[in-house]
>>> print(open('final-v1.txt').read())   # compact mmCIF, C-alpha atoms
# COMPACT_ATOMS: atom_id res chain seq x y z
CA MET A 1 0.00 0.00 0.00
CA ARG A 2 1.48 3.39 -1.04
CA ILE A 3 0.60 6.28 1.24
CA LEU A 4 1.10 10.05 0.92
CA ILE A 5 1.34 11.83 4.30
CA VAL A 6 0.81 15.60 4.18
CA ASP A 7 1.36 17.77 7.27
CA ASP A 8 3.38 20.95 7.91
CA SER A 9 4.55 19.58 11.28
CA THR A 10 7.56 17.27 11.02
CA THR A 11 6.54 15.66 14.31
CA MET A 12 3.04 14.87 13.04
CA ARG A 13 4.39 13.37 9.81
CA ARG A 14 6.66 11.14 11.86
CA ILE A 15 3.86 10.12 14.22
CA ILE A 16 1.58 9.19 11.31
CA GLY A 17 4.50 7.47 9.56
CA ASN A 18 5.13 5.47 12.69
CA VAL A 19 1.51 4.33 12.86
CA VAL A 20 1.41 3.24 9.23
CA GLN A 21 4.66 1.34 9.79
CA GLN A 22 2.98 -0.47 12.66
CA LEU A 23 0.31 -1.43 10.14
CA GLY A 24 2.98 -3.17 8.12
CA VAL A 25 3.67 -0.45 5.55
CA ALA A 26 7.38 -0.32 4.72
CA LYS A 27 9.26 2.97 5.12
CA ASP A 28 9.82 3.15 1.36
CA ASP A 29 6.11 2.81 0.70
CA PHE A 30 5.08 6.17 2.06
CA ASP A 31 6.06 9.71 1.11
CA GLU A 32 5.86 12.89 3.14
CA ALA A 33 4.98 16.42 2.07
CA GLU A 34 5.03 19.60 4.20
CA ASP A 35 2.25 21.40 2.33
CA GLY A 36 -0.35 21.02 -0.38
CA VAL A 37 1.92 22.30 -3.13
CA VAL A 38 4.61 19.68 -2.48
CA ALA A 39 1.94 17.00 -2.02
CA TRP A 40 0.22 17.82 -5.31
CA LYS A 41 3.58 17.75 -7.09
CA LEU A 42 4.37 14.31 -5.63
CA PHE A 43 0.86 13.09 -6.43
CA GLN A 44 1.24 14.03 -10.08
CA GLU A 45 4.79 12.74 -10.40
CA LYS A 46 4.32 9.34 -8.76
CA ASN A 47 0.66 8.81 -9.55
CA ASN A 48 0.63 5.52 -7.62
CA TYR A 49 -0.70 6.30 -4.16
CA ASP A 50 -3.39 4.15 -2.59
CA VAL A 51 -4.28 6.55 0.25
CA VAL A 52 -3.69 10.25 1.03
CA LEU A 53 -3.55 11.37 4.68
CA THR A 54 -3.61 15.15 4.90
CA ASP A 55 -3.69 17.91 7.50
CA TRP A 56 -5.98 20.94 6.98
CA ASN A 57 -4.09 24.06 8.08
CA MET A 58 -0.85 24.31 6.15
CA PRO A 59 1.05 27.10 4.41
CA ASN A 60 1.10 27.64 0.62
CA MET A 61 -1.77 25.25 -0.13
CA ASN A 62 -4.01 24.02 2.68
CA GLY A 63 -5.46 20.53 3.00
CA LEU A 64 -8.92 21.48 1.79
CA GLU A 65 -7.51 22.97 -1.39
CA LEU A 66 -5.37 19.88 -1.85
CA VAL A 67 -8.42 17.62 -1.51
CA LYS A 68 -10.32 19.67 -4.11
CA THR A 69 -7.33 19.67 -6.44
CA ILE A 70 -6.88 15.89 -6.15
CA ARG A 71 -10.61 15.26 -6.54
CA ALA A 72 -10.62 17.26 -9.77
CA LYS A 73 -8.24 14.66 -11.17
CA ASP A 74 -8.97 11.50 -9.21
CA LYS A 75 -12.39 10.78 -7.75
CA LYS A 76 -11.56 7.34 -6.32
CA ILE A 77 -8.40 7.59 -4.22
CA PRO A 78 -9.25 7.45 -0.49
CA ILE A 79 -8.39 10.69 1.34
CA VAL A 80 -8.35 11.01 5.14
CA MET A 81 -8.22 14.46 6.73
CA ILE A 82 -6.21 14.46 10.01
CA THR A 83 -6.56 17.86 11.62
CA THR A 84 -7.05 19.92 14.79
CA GLU A 85 -10.18 21.43 13.22
CA GLY A 86 -12.87 19.75 15.30
CA GLY A 87 -15.93 21.82 14.41
CA LYS A 88 -19.02 20.28 12.79
CA GLY A 89 -18.90 22.90 10.05
CA GLU A 90 -15.33 21.97 9.17
CA VAL A 91 -16.16 18.25 9.03
CA ILE A 92 -19.05 18.96 6.67
CA THR A 93 -16.89 21.26 4.53
CA ALA A 94 -14.20 18.57 4.27
CA LEU A 95 -16.73 15.86 3.42
CA LYS A 96 -18.27 18.05 0.75
CA ALA A 97 -14.82 18.70 -0.69
CA GLY A 98 -14.40 14.94 -1.09
CA VAL A 99 -12.59 13.45 1.91
CA ASN A 100 -13.54 9.86 2.71
CA ASN A 101 -12.79 10.05 6.41
CA TYR A 102 -11.95 12.60 9.05
CA ILE A 103 -9.78 12.30 12.19
CA VAL A 104 -9.44 15.00 14.85
CA LYS A 105 -6.06 15.47 16.56
CA PRO A 106 -5.04 14.17 19.00
CA PHE A 107 -5.91 10.69 17.77
CA SER A 108 -4.84 7.26 18.88
CA ALA A 109 -2.96 4.88 16.63
CA ASP A 110 -5.91 2.49 16.86
CA VAL A 111 -8.27 5.06 15.32
CA LEU A 112 -6.00 5.61 12.33
CA LYS A 113 -5.50 1.85 11.93
CA GLU A 114 -9.24 1.32 12.01
CA LYS A 115 -9.92 4.02 9.42
CA LEU A 116 -7.16 2.82 7.11
CA ASP A 117 -8.36 -0.78 7.38
CA GLY A 118 -11.86 0.37 6.54
CA LEU A 119 -10.67 2.30 3.48
CA VAL A 120 -8.49 -0.51 2.20
CA LYS A 121 -11.18 -3.16 2.66
CA GLY A 122 -13.95 -0.87 1.42
CA MET B 1 -17.31 23.18 20.07
CA SER B 2 -15.00 20.41 19.01
CA MET B 3 -16.51 17.19 17.73
CA SER B 4 -15.67 13.78 19.10
CA GLN B 5 -14.63 10.94 16.82
CA GLU B 6 -18.02 9.27 17.39
CA GLU B 7 -19.85 12.42 16.34
CA ILE B 8 -17.73 12.63 13.22
CA GLU B 9 -18.57 9.02 12.43
CA ALA B 10 -22.26 9.78 12.88
CA LEU B 11 -21.94 12.84 10.69
CA MET B 12 -20.12 10.91 8.02
CA ASN B 13 -22.77 8.24 7.97
CA GLY B 14 -25.45 10.87 7.49
CA ALA B 15 -23.59 13.27 5.24
CA ASP B 16 -23.47 13.10 1.51
CA SER B 17 -19.89 12.13 0.88
CA GLU B 18 -20.06 12.99 -2.81
CA PRO B 19 -17.41 15.57 -3.55
CA GLU B 20 -18.40 19.05 -4.67
CA GLU B 21 -18.66 19.74 -8.34
CA VAL B 22 -15.22 19.78 -9.85
CA THR B 23 -16.11 22.81 -11.95
CA GLU B 24 -16.67 24.77 -8.79
CA VAL B 25 -13.19 23.85 -7.58
CA SER B 26 -11.39 24.55 -10.80
CA ASP B 27 -13.25 27.77 -11.56
CA THR B 28 -11.90 29.87 -8.74
CA PRO B 29 -9.52 27.80 -6.66
CA GLU B 30 -7.56 30.76 -5.32
CA GLN B 31 -10.69 32.63 -4.38
CA SER B 32 -12.18 29.71 -2.53
CA GLU B 33 -8.84 28.96 -0.91
CA SER B 34 -8.36 32.42 0.47
CA SER B 35 -11.96 32.87 1.55
CA SER B 36 -11.92 29.49 3.27
CA GLU B 37 -8.67 30.32 5.04
CA ASP B 38 -9.89 33.76 6.04
CA SER B 39 -13.10 32.43 7.41
CA LEU B 40 -11.22 29.76 9.37
CA ILE B 41 -8.96 32.35 10.98
CA GLU B 42 -11.93 34.64 11.68
CA ASP B 43 -13.82 31.77 13.29
CA ASN B 44 -10.85 30.87 15.45
CA ILE B 45 -10.42 34.44 16.63
CA ASP B 46 -14.12 34.69 17.33
CA ASP B 47 -13.81 31.52 19.42
CA ILE B 48 -10.98 33.05 21.45
CA LEU B 49 -12.85 36.31 21.94
CA ALA B 50 -15.95 34.40 22.94
CA GLY B 51 -13.92 32.65 25.62
CA ILE B 52 -13.04 35.95 27.35
CA ASP B 53 -15.36 36.68 30.30
CA GLY B 54 -17.93 39.29 29.74
CA MET B 55 -17.77 39.18 26.00
CA THR B 56 -20.61 38.17 23.78
CA ASP B 57 -20.78 37.82 20.06
CA ASP B 58 -24.45 38.12 19.32
CA GLU B 59 -23.80 40.08 16.19
CA PRO B 60 -21.27 38.11 14.20
CA GLU B 61 -21.56 40.50 11.26
CA VAL B 62 -20.21 43.43 13.26
CA SER B 63 -16.83 44.66 12.05
CA ALA B 64 -13.51 44.05 13.82
CA GLU B 65 -13.78 47.55 15.35
CA ALA B 66 -16.90 46.57 17.23
CA ASN B 67 -15.15 43.43 18.56
CA ILE B 68 -12.28 45.50 19.93
CA ASP B 69 -14.79 47.84 21.57
CA ASP B 70 -16.33 44.78 23.20
CA ILE B 71 -12.93 43.69 24.52
CA LEU B 72 -12.24 47.14 25.94
CA ALA B 73 -15.72 47.26 27.44
CA GLY B 74 -15.05 43.98 29.21
CA ILE B 75 -12.00 45.31 31.03
CA ASP B 76 -12.79 46.68 34.50
CA GLY B 77 -12.42 50.38 34.91
CA ILE B 78 -12.50 51.25 31.24
CA THR B 79 -15.68 52.87 30.07
CA ASP B 80 -16.56 54.39 26.79
CA GLU B 81 -19.67 56.34 27.67
CA GLU B 82 -18.36 59.62 26.34
CA PRO B 83 -16.40 58.77 23.26
CA GLU B 84 -16.32 62.36 22.10
CA GLU B 85 -14.48 63.55 25.24
CA ALA B 86 -10.85 64.52 24.94
CA SER B 87 -8.42 61.66 25.57
CA GLU B 88 -7.00 63.45 28.64
CA ASP B 89 -10.41 63.34 30.32
CA ASN B 90 -10.71 59.61 29.57
CA ILE B 91 -7.32 58.96 31.14
CA ASP B 92 -8.39 60.94 34.23
CA ASP B 93 -11.52 58.80 34.45
CA ILE B 94 -9.49 55.63 34.21
CA LEU B 95 -7.05 56.79 36.87
CA ALA B 96 -9.93 57.82 39.09
CA GLY B 97 -11.26 54.28 38.84
CA ILE B 98 -8.02 52.79 40.18
CA GLU B 99 -8.02 52.43 43.93
CA GLY B 100 -5.61 54.67 45.77
CA ILE B 101 -5.17 57.25 43.05
CA THR B 102 -6.31 60.75 43.91
CA ASP B 103 -6.12 63.93 41.94
CA ASP B 104 -5.86 66.54 44.68
CA ASP B 105 -3.10 68.55 43.07
CA PRO B 106 -3.82 68.57 39.38
CA ILE B 107 -1.83 71.75 38.83
CA ASP B 108 1.47 70.15 39.88
CA GLY B 109 4.12 69.30 37.32
CA THR B 110 3.63 66.16 35.23
CA GLY B 111 6.54 64.40 36.95
CA ASP B 112 5.00 65.01 40.35
CA ASN B 113 1.67 63.68 39.14
CA PHE B 114 3.21 60.44 38.02
CA ASP B 115 5.00 60.12 41.36
CA ASP B 116 1.70 60.64 43.17
CA ILE B 117 -0.03 58.09 41.01
CA LEU B 118 2.69 55.53 41.53
CA ALA B 119 2.73 56.22 45.27
CA GLY B 120 -1.00 55.60 45.41
CA ILE B 121 -0.85 52.21 43.73
CA GLU B 122 -0.38 49.37 46.16
CA GLY B 123 2.84 47.46 45.85
CA ILE B 124 4.80 50.21 44.17
CA GLU B 125 7.45 51.71 46.41
CA ASP B 126 9.72 54.62 45.81
CA ASP B 127 13.04 53.78 47.41
CA SER B 128 14.64 56.90 45.94
CA PRO B 129 17.27 55.08 43.92
CA SER B 130 20.68 56.56 43.55
CA SER B 131 21.70 58.04 40.20
CA ASP B 132 23.56 54.82 39.40
CA GLU B 133 20.45 52.76 40.07
CA GLU B 134 18.40 55.12 37.95
CA GLU B 135 20.88 54.75 35.13
CA GLU B 136 20.82 50.98 35.48
CA SER B 137 17.05 50.98 35.50
CA ALA B 138 17.02 53.14 32.38
CA ILE B 139 19.32 50.67 30.66
CA SER B 140 17.22 47.67 31.63
CA THR B 141 14.09 49.46 30.41
CA ALA B 142 15.86 50.18 27.16
CA ASP B 143 16.63 46.45 26.91
CA LYS B 144 12.98 45.57 27.34
CA TYR B 145 11.51 48.27 25.18
CA PRO B 146 14.22 49.27 22.76
CA MET B 147 13.66 52.09 20.35
CA PRO B 148 13.43 51.78 17.46
CA ILE B 149 11.75 48.38 17.61
CA GLU B 150 13.80 45.79 15.73
CA ALA B 151 12.38 42.65 14.14
CA GLU B 152 13.73 40.51 17.00
CA HIS B 153 11.69 42.51 19.54
CA LYS B 154 8.36 42.11 17.80
CA VAL B 155 6.01 39.89 19.77
CA VAL B 156 4.69 37.98 16.77
CA ASN B 157 8.26 37.28 15.63
CA GLN B 158 9.13 36.06 19.11
CA LEU B 159 6.10 33.76 19.19
CA ASN B 160 7.05 32.45 15.77
CA GLU B 161 10.55 31.70 17.04
CA VAL B 162 9.09 29.87 20.05
CA ALA B 163 6.93 27.75 17.74
CA GLU B 164 9.86 26.94 15.45
CA ASP B 165 12.24 26.13 18.33
CA SER B 166 9.58 23.93 19.84
CA GLU B 167 9.14 22.09 16.52
CA GLU B 168 12.88 21.49 16.29
CA LYS B 169 13.10 20.17 19.84
CA ALA B 170 10.02 18.00 19.37
CA SER B 171 11.70 16.45 16.36
CA GLN B 172 14.78 15.73 18.46
CA ILE B 173 12.63 14.12 21.17
CA PHE B 174 11.06 11.99 18.44
CA ASP B 175 14.58 10.95 17.34
CA VAL B 176 15.27 9.76 20.89
CA LEU B 177 12.00 7.82 21.05
CA SER B 178 12.68 6.26 17.65
CA PHE B 179 16.15 5.27 18.85
CA ILE B 180 14.65 3.54 21.90
CA LEU B 181 12.20 1.66 19.64
CA ASP B 182 15.02 0.58 17.31
CA GLU B 183 17.17 -0.57 20.24
CA ASN B 184 14.24 -2.46 21.73
CA GLY B 185 13.83 -4.17 18.37
CA GLU B 186 17.49 -5.25 18.55
CA ILE B 187 17.04 -6.51 22.12
CA GLU B 188 13.99 -8.47 20.98
CA ASN B 189 16.01 -10.07 18.16
CA TYR B 190 18.83 -11.07 20.54
CA ASN B 191 16.27 -12.42 22.97
CA LYS B 192 14.73 -14.57 20.23
CA GLU B 193 18.12 -16.14 19.52
CA ILE B 194 18.64 -16.84 23.22
CA LYS B 195 15.13 -18.28 23.48
CA ASN B 196 15.71 -20.61 20.52
CA PHE B 197 18.92 -21.86 22.10
CA ILE B 198 17.28 -22.41 25.50
CA GLU B 199 14.39 -24.32 23.88
CA LYS B 200 16.86 -26.62 22.14
CA GLN B 201 18.75 -27.10 25.42
CA ILE B 202 15.51 -27.95 27.20
CA GLU B 203 14.68 -30.51 24.52
CA LEU B 204 18.13 -32.08 24.84
CA LEU B 205 18.16 -32.05 28.65
CA GLU B 206 14.64 -33.45 28.77
CA SER B 207 15.64 -36.48 26.71
CA LEU B 208 18.84 -36.93 28.75
CA THR B 209 16.87 -36.75 32.00
CA THR B 210 14.45 -39.36 30.67
CA LYS B 211 17.24 -41.67 29.53
CA PHE B 212 19.46 -41.16 32.57
CA PRO B 213 17.11 -40.45 35.47
CA ASN B 214 19.88 -41.16 38.01
CA VAL B 215 22.21 -38.45 36.69
CA GLU B 216 21.38 -35.48 38.90
CA ILE B 217 23.25 -32.89 36.80
CA PHE B 218 20.92 -33.42 33.80
CA LYS B 219 17.90 -32.85 35.99
CA GLU B 220 19.38 -29.71 37.56
CA ASN B 221 20.33 -28.22 34.17
CA PHE B 222 16.94 -29.09 32.78
CA GLU B 223 15.29 -27.11 35.60
CA LEU B 224 17.74 -24.23 35.14
CA ALA B 225 17.06 -24.05 31.39
CA ASP B 226 13.34 -24.11 32.05
CA ASN B 227 13.73 -21.16 34.43
CA LEU B 228 15.83 -19.27 31.88
CA LEU B 229 13.08 -19.71 29.30
CA THR B 230 10.70 -17.97 31.70
CA VAL B 231 13.26 -15.15 32.15
CA SER B 232 13.49 -14.77 28.37
CA GLN B 233 9.70 -14.60 28.09
CA ASN B 234 9.58 -11.99 30.87
CA LEU B 235 12.23 -9.95 29.08
CA SER B 236 10.19 -10.04 25.90
CA GLU B 237 7.09 -8.87 27.78
CA LYS B 238 9.09 -6.03 29.39
CA VAL B 239 10.37 -4.86 26.00
CA ASN B 240 6.85 -4.97 24.55
CA GLY B 241 5.54 -2.98 27.51
CA GLU B 242 8.29 -0.41 27.00
CA ASN B 243 7.50 -0.20 23.29
CA ASN B 244 3.85 0.46 24.10
CA LYS B 245 4.88 3.29 26.42
CA VAL B 246 7.09 4.77 23.70
CA PHE B 247 4.17 4.60 21.23
CA GLU B 248 2.03 6.29 23.87
CA ALA B 249 4.64 9.06 24.23
CA MET B 250 4.71 9.47 20.44
CA GLU B 251 0.93 9.84 20.40
CA LEU B 252 1.13 12.44 23.16
CA MET B 253 3.57 14.42 21.05
CA GLN B 254 0.61 15.38 18.89
CA TYR B 255 -0.04 18.01 21.57
CA HIS B 256 3.07 19.77 20.38
CA ASP B 257 1.40 20.32 17.01
CA ILE B 258 -1.86 21.32 18.70
CA ASN B 259 -0.06 23.83 20.95
CA ARG B 260 1.85 25.23 17.98
CA GLN B 261 -1.45 25.88 16.26
CA LYS B 262 -2.73 27.58 19.41
CA ILE B 263 0.32 29.87 19.34
CA GLU B 264 -0.40 30.60 15.67
CA ARG B 265 -3.96 31.51 16.63
CA VAL B 266 -2.66 33.97 19.26
CA MET B 267 -0.33 35.41 16.61
CA ALA B 268 -3.30 35.96 14.32
CA VAL B 269 -5.17 37.80 17.11
CA ILE B 270 -2.14 40.02 17.80
CA ARG B 271 -1.80 40.81 14.08
CA LYS B 272 -5.46 41.82 13.93
CA LEU B 273 -5.18 43.95 17.08
CA SER B 274 -2.00 45.57 15.78
CA SER B 275 -3.70 46.45 12.52
CA TYR B 276 -6.71 47.81 14.40
CA LEU B 277 -4.61 49.93 16.79
CA ASN B 278 -2.54 51.27 13.90
CA GLY B 279 -5.80 52.29 12.30
CA ILE B 280 -6.82 54.18 15.42
CA PHE B 281 -3.56 56.01 15.97
CA GLU B 282 -2.59 56.82 12.40
CA ASP B 283 -2.93 60.42 11.30
CA ASP B 284 -4.90 60.85 8.10
CA SER B 285 -4.65 64.64 8.07
CA ASP B 286 -2.43 66.38 5.54
CA LYS B 287 -0.97 68.71 8.17
CA PRO B 288 2.81 68.56 8.39
CA GLU B 289 4.24 67.33 11.67
CA VAL B 290 4.58 70.22 14.12
CA GLN B 291 7.90 70.66 15.89
CA ILE B 292 7.23 69.90 19.53
CA ALA B 293 8.48 71.95 22.53
CA LYS B 294 11.25 70.32 24.56
CA HIS B 295 10.80 72.16 27.86
CA ILE B 296 7.41 73.48 28.91
CA SER B 297 6.68 75.29 32.18
CA GLY B 298 5.62 72.74 34.74
CA ASP B 299 7.73 69.92 33.27
CA GLY B 300 10.16 70.06 36.22
CA SER B 301 13.36 71.78 37.22
CA ASP B 302 14.76 71.96 33.70
CA THR B 303 12.83 75.12 32.78
CA VAL B 304 14.22 78.59 33.39
CA ASP B 305 12.41 81.33 35.28
CA ALA B 306 12.58 85.08 34.69
CA ASP B 307 15.66 85.49 36.92
CA ASP B 308 17.53 82.77 35.02
CA ILE B 309 16.72 84.48 31.74
CA ASP B 310 17.88 87.85 33.04
CA ALA B 311 21.08 86.27 34.31
CA LEU B 312 21.73 84.63 30.96
CA ILE B 313 21.04 87.84 29.06
CA SER B 314 23.42 89.79 31.25
CA GLU B 315 26.04 87.07 30.88
CA PHE B 316 25.85 87.26 27.10
CA SER B 317 25.85 91.04 27.18
CA ASP B 318 29.22 91.11 28.95
>>> encode(input="final-v1.txt", output="structure tokens")
Amino acid sequence: MRILIVDDSTTMRRIIGNVVQQLGVAKDDFDEAEDGVVAWKLFQEKNNYDVVLTDWNMPNMNGLELVKTIRAKDKKIPIVMITTEGGKGEVITALKAGVNNYIVKPFSADVLKEKLDGLVKG
Amino acid sequence: MSMSQEEIEALMNGADSEPEEVTEVSDTPEQSESSSEDSLIEDNIDDILAGIDGMTDDEPEVSAEANIDDILAGIDGITDEEPEEASEDNIDDILAGIEGITDDDPIDGTGDNFDDILAGIEGIEDDSPSSDEEEESAISTADKYPMPIEAEHKVVNQLNEVAEDSEEKASQIFDVLSFILDENGEIENYNKEIKNFIEKQIELLESLTTKFPNVEIFKENFELADNLLTVSQNLSEKVNGENNKVFEAMELMQYHDINRQKIERVMAVIRKLSSYLNGIFEDDSDKPEVQIAKHISGDGSDTVDADDIDALISEFSD
């Protein structure tokens, strides 16, 4: 499974990377991007991701814009928003933009595992 | 209010997960991006302001100016009932509201007034510092509030530095935790090798004990190997327990990111306030800046009286 992890915090990228490694994903099978611009570039270049895990608030291009940009090209790839934005309005906005699942920080590794399992099986 | 994971699940089950029309996205991506970002920041600031006692936000459409007025109105002692009054009068009102400040001698020099005010405020003492102490105090004040303000002294810059330093240190902590996990992995591998060896030894000693039941040493070593297998299993459990704690610590490090975002929210509030205050104090008039007087009667002992002037005139006349 190839995963793209997008978050402006190095620590968060490493935490998420650690969780996906616990799920059995090899270190070479996931890429990291610090904002939407870098993520979109990687997405276009590699074009082989199975899941995108993205933060919302980031510089240059935020997560919501990234989701919309990806959805304009690819309607099927599972996208999970992992963010501190915990308001109902934000969840609805993200869902409308095309995310498949939504996780509010702080989250436990089990929650992410569960969501990823659901996406992969679904 | 923040939503729990269960609420999100419920929302997702009920919400239409179909993405928005692509045309809408591609038509004006920049516009939607900026408006979305702006509204997010606005909402966050509104949340913070709503959290301050005494503040309400019944009229969300009111401009930022109105919000600032609300903040000021919420602070004890500050009233804005007569906005047209001169600023001096407002300051007098504020001072009058502070316990211990009286205005019995309003005609005194400005310096005296400040001394009186300071003397009236509890906790402030005037120990009459020596000239050296005064100089030192002036230097330390200059350190705290240097003029002109450099980039390094700006509060938002300082907060930004704090956030960046914190990010760097958090990454280093993560390095340490990752190192512990890697080392534990190595320990686990060594332990597996030891366990395999002990299991083989137990197998061998078990057959020897069965074949030679009268040889005591086989029986003793068999029991010892069996005990060592338990030790190896305990070691493995300890390492797993430690790994779980490290994973727990890694999860808790998410609060670093959450706190960083809280700092960024404070920075946004400060930026807004700064912009608002600049708007209040800026001078839109076309009048050129008037040269201001350096010594005005009543300022203190620096001003000359009539006798001083006469003395100076006579000195220059000689």
>>> atom_distance(input="final-v1.txt", atom1="CA of Asn221 (chain B)", atom2="CA of Leu205 (chain B)")
7.1 Å
>>> residues_near_point(input="final-v1.txt", point="(5.2, 22.3, 2.3)", cutoff="10 Å", atoms="only C-alpha atoms", output="number ranges by chain")
A: 6-9, 32-39, 58-62
>>> closest_atom_pairs(input="final-v1.txt", of="chain A", to="chain B", cutoff="8 Å", atoms="all atoms listed in the file", output="Markdown table")
| residue | atom | partner | partner_atom | distance |
| --- | --- | --- | --- | --- |
| A:Ser9 | CA | B:Asp257 | CA | 6.6 |
| A:Thr10 | CA | B:Ser171 | CA | 6.8 |
| A:Thr11 | CA | B:Ser171 | CA | 5.6 |
| A:Met12 | CA | B:Gln254 | CA | 6.4 |
| A:Arg14 | CA | B:Phe174 | CA | 8.0 |
| A:Ile15 | CA | B:Met250 | CA | 6.3 |
| A:Asn62 | CA | B:Glu33 | CA | 7.8 |
| A:Leu64 | CA | B:Glu33 | CA | 8.0 |
| A:Glu65 | CA | B:Glu33 | CA | 6.2 |
| A:Lys68 | CA | B:Val25 | CA | 6.1 |
| A:Thr69 | CA | B:Val25 | CA | 7.3 |
| A:Arg71 | CA | B:Val22 | CA | 7.3 |
| A:Ala72 | CA | B:Val22 | CA | 5.2 |
| A:Thr84 | CA | B:Ile258 | CA | 6.6 |
| A:Glu85 | CA | B:Ser2 | CA | 7.6 |
| A:Gly86 | CA | B:Ser2 | CA | 4.3 |
| A:Gly87 | CA | B:Ser2 | CA | 4.9 |
| A:Lys88 | CA | B:Met3 | CA | 6.3 |
| A:Val91 | CA | B:Ile8 | CA | 7.2 |
| A:Ile92 | CA | B:Ala15 | CA | 7.4 |
| A:Leu95 | CA | B:Ser17 | CA | 5.5 |
| A:Lys96 | CA | B:Pro19 | CA | 5.0 |
| A:Ala97 | CA | B:Pro19 | CA | 5.0 |
| A:Gly98 | CA | B:Pro19 | CA | 3.9 |
| A:Val99 | CA | B:Ser17 | CA | 7.5 |
| A:Asn100 | CA | B:Ser17 | CA | 7.0 |
| A:Asn101 | CA | B:Met12 | CA | 7.6 |
| A:Tyr102 | CA | B:Ile8 | CA | 7.1 |
| A:Ile103 | CA | B:Gln5 | CA | 6.8 |
| A:Val104 | CA | B:Gln5 | CA | 6.9 |
| A:Lys105 | CA | B:Gln254 | CA | 7.1 |
| A:Pro106 | CA | B:Gln254 | CA | 5.8 |
| A:Phe107 | CA | B:Glu251 | CA | 7.4 |
| A:Ser108 | CA | B:Glu251 | CA | 6.5 |
| A:Ala109 | CA | B:Glu251 | CA | 7.3 |
>>> write_last_selection(input="final-v1.txt", atoms="C-alpha atoms", output="mmCIF file, in the coordinates of the input")
data_model
loop_
_atom_site.group_PDB
_atom_site.id
_atom_site.type_symbol
_atom_site.label_atom_id
_atom_site.label_comp_id
_atom_site.auth_asym_id
_atom_site.auth_seq_id
_atom_site.Cartn_x
_atom_site.Cartn_y
_atom_site.Cartn_z
ATOM 1 C CA SER A 9 4.550 19.580 11.280
ATOM 2 C CA THR A 10 7.560 17.270 11.020
ATOM 3 C CA THR A 11 6.540 15.660 14.310
ATOM 4 C CA MET A 12 3.040 14.870 13.040
ATOM 5 C CA ARG A 14 6.660 11.140 11.860
ATOM 6 C CA ILE A 15 3.860 10.120 14.220
ATOM 7 C CA ASN A 62 -4.010 24.020 2.680
ATOM 8 C CA LEU A 64 -8.920 21.480 1.790
ATOM 9 C CA GLU A 65 -7.510 22.970 -1.390
ATOM 10 C CA LYS A 68 -10.320 19.670 -4.110
ATOM 11 C CA THR A 69 -7.330 19.670 -6.440
ATOM 12 C CA ARG A 71 -10.610 15.260 -6.540
ATOM 13 C CA ALA A 72 -10.620 17.260 -9.770
ATOM 14 C CA THR A 84 -7.050 19.920 14.790
ATOM 15 C CA GLU A 85 -10.180 21.430 13.220
ATOM 16 C CA GLY A 86 -12.870 19.750 15.300
ATOM 17 C CA GLY A 87 -15.930 21.820 14.410
ATOM 18 C CA LYS A 88 -19.020 20.280 12.790
ATOM 19 C CA VAL A 91 -16.160 18.250 9.030
ATOM 20 C CA ILE A 92 -19.050 18.960 6.670
ATOM 21 C CA LEU A 95 -16.730 15.860 3.420
ATOM 22 C CA LYS A 96 -18.270 18.050 0.750
ATOM 23 C CA ALA A 97 -14.820 18.700 -0.690
ATOM 24 C CA GLY A 98 -14.400 14.940 -1.090
ATOM 25 C CA VAL A 99 -12.590 13.450 1.910
ATOM 26 C CA ASN A 100 -13.540 9.860 2.710
ATOM 27 C CA ASN A 101 -12.790 10.050 6.410
ATOM 28 C CA TYR A 102 -11.950 12.600 9.050
ATOM 29 C CA ILE A 103 -9.780 12.300 12.190
ATOM 30 C CA VAL A 104 -9.440 15.000 14.850
ATOM 31 C CA LYS A 105 -6.060 15.470 16.560
ATOM 32 C CA PRO A 106 -5.040 14.170 19.000
ATOM 33 C CA PHE A 107 -5.910 10.690 17.770
ATOM 34 C CA SER A 108 -4.840 7.260 18.880
ATOM 35 C CA ALA A 109 -2.960 4.880 16.630
#
>>> axis_aligned_box(input="final-v1.txt", around="region 107-116 of chain A", padding_each_side="5 Å", output="AutoDock Vina command-line options")
--center_x -6.4 --center_y 6.0 --center_z 13.0 --size_x 17.0 --size_y 19.4 --size_z 21.8
>>> residues_near_point(input="final-v1.txt", point="(-5.3, 9.3, -0.7)", cutoff="6 Å", atoms="all atoms listed in the file", output="MDAnalysis selection string")
chainID A and resid 50:52 77:79
>>> residues_around(input="final-v1.txt", residues="Tyr49 (chain A)", least_positions_apart="2", cutoff="9 Å", atoms="all atoms listed in the file", output="number ranges by chain")
A: 1-4, 30, 43, 46-47, 51-52, 77
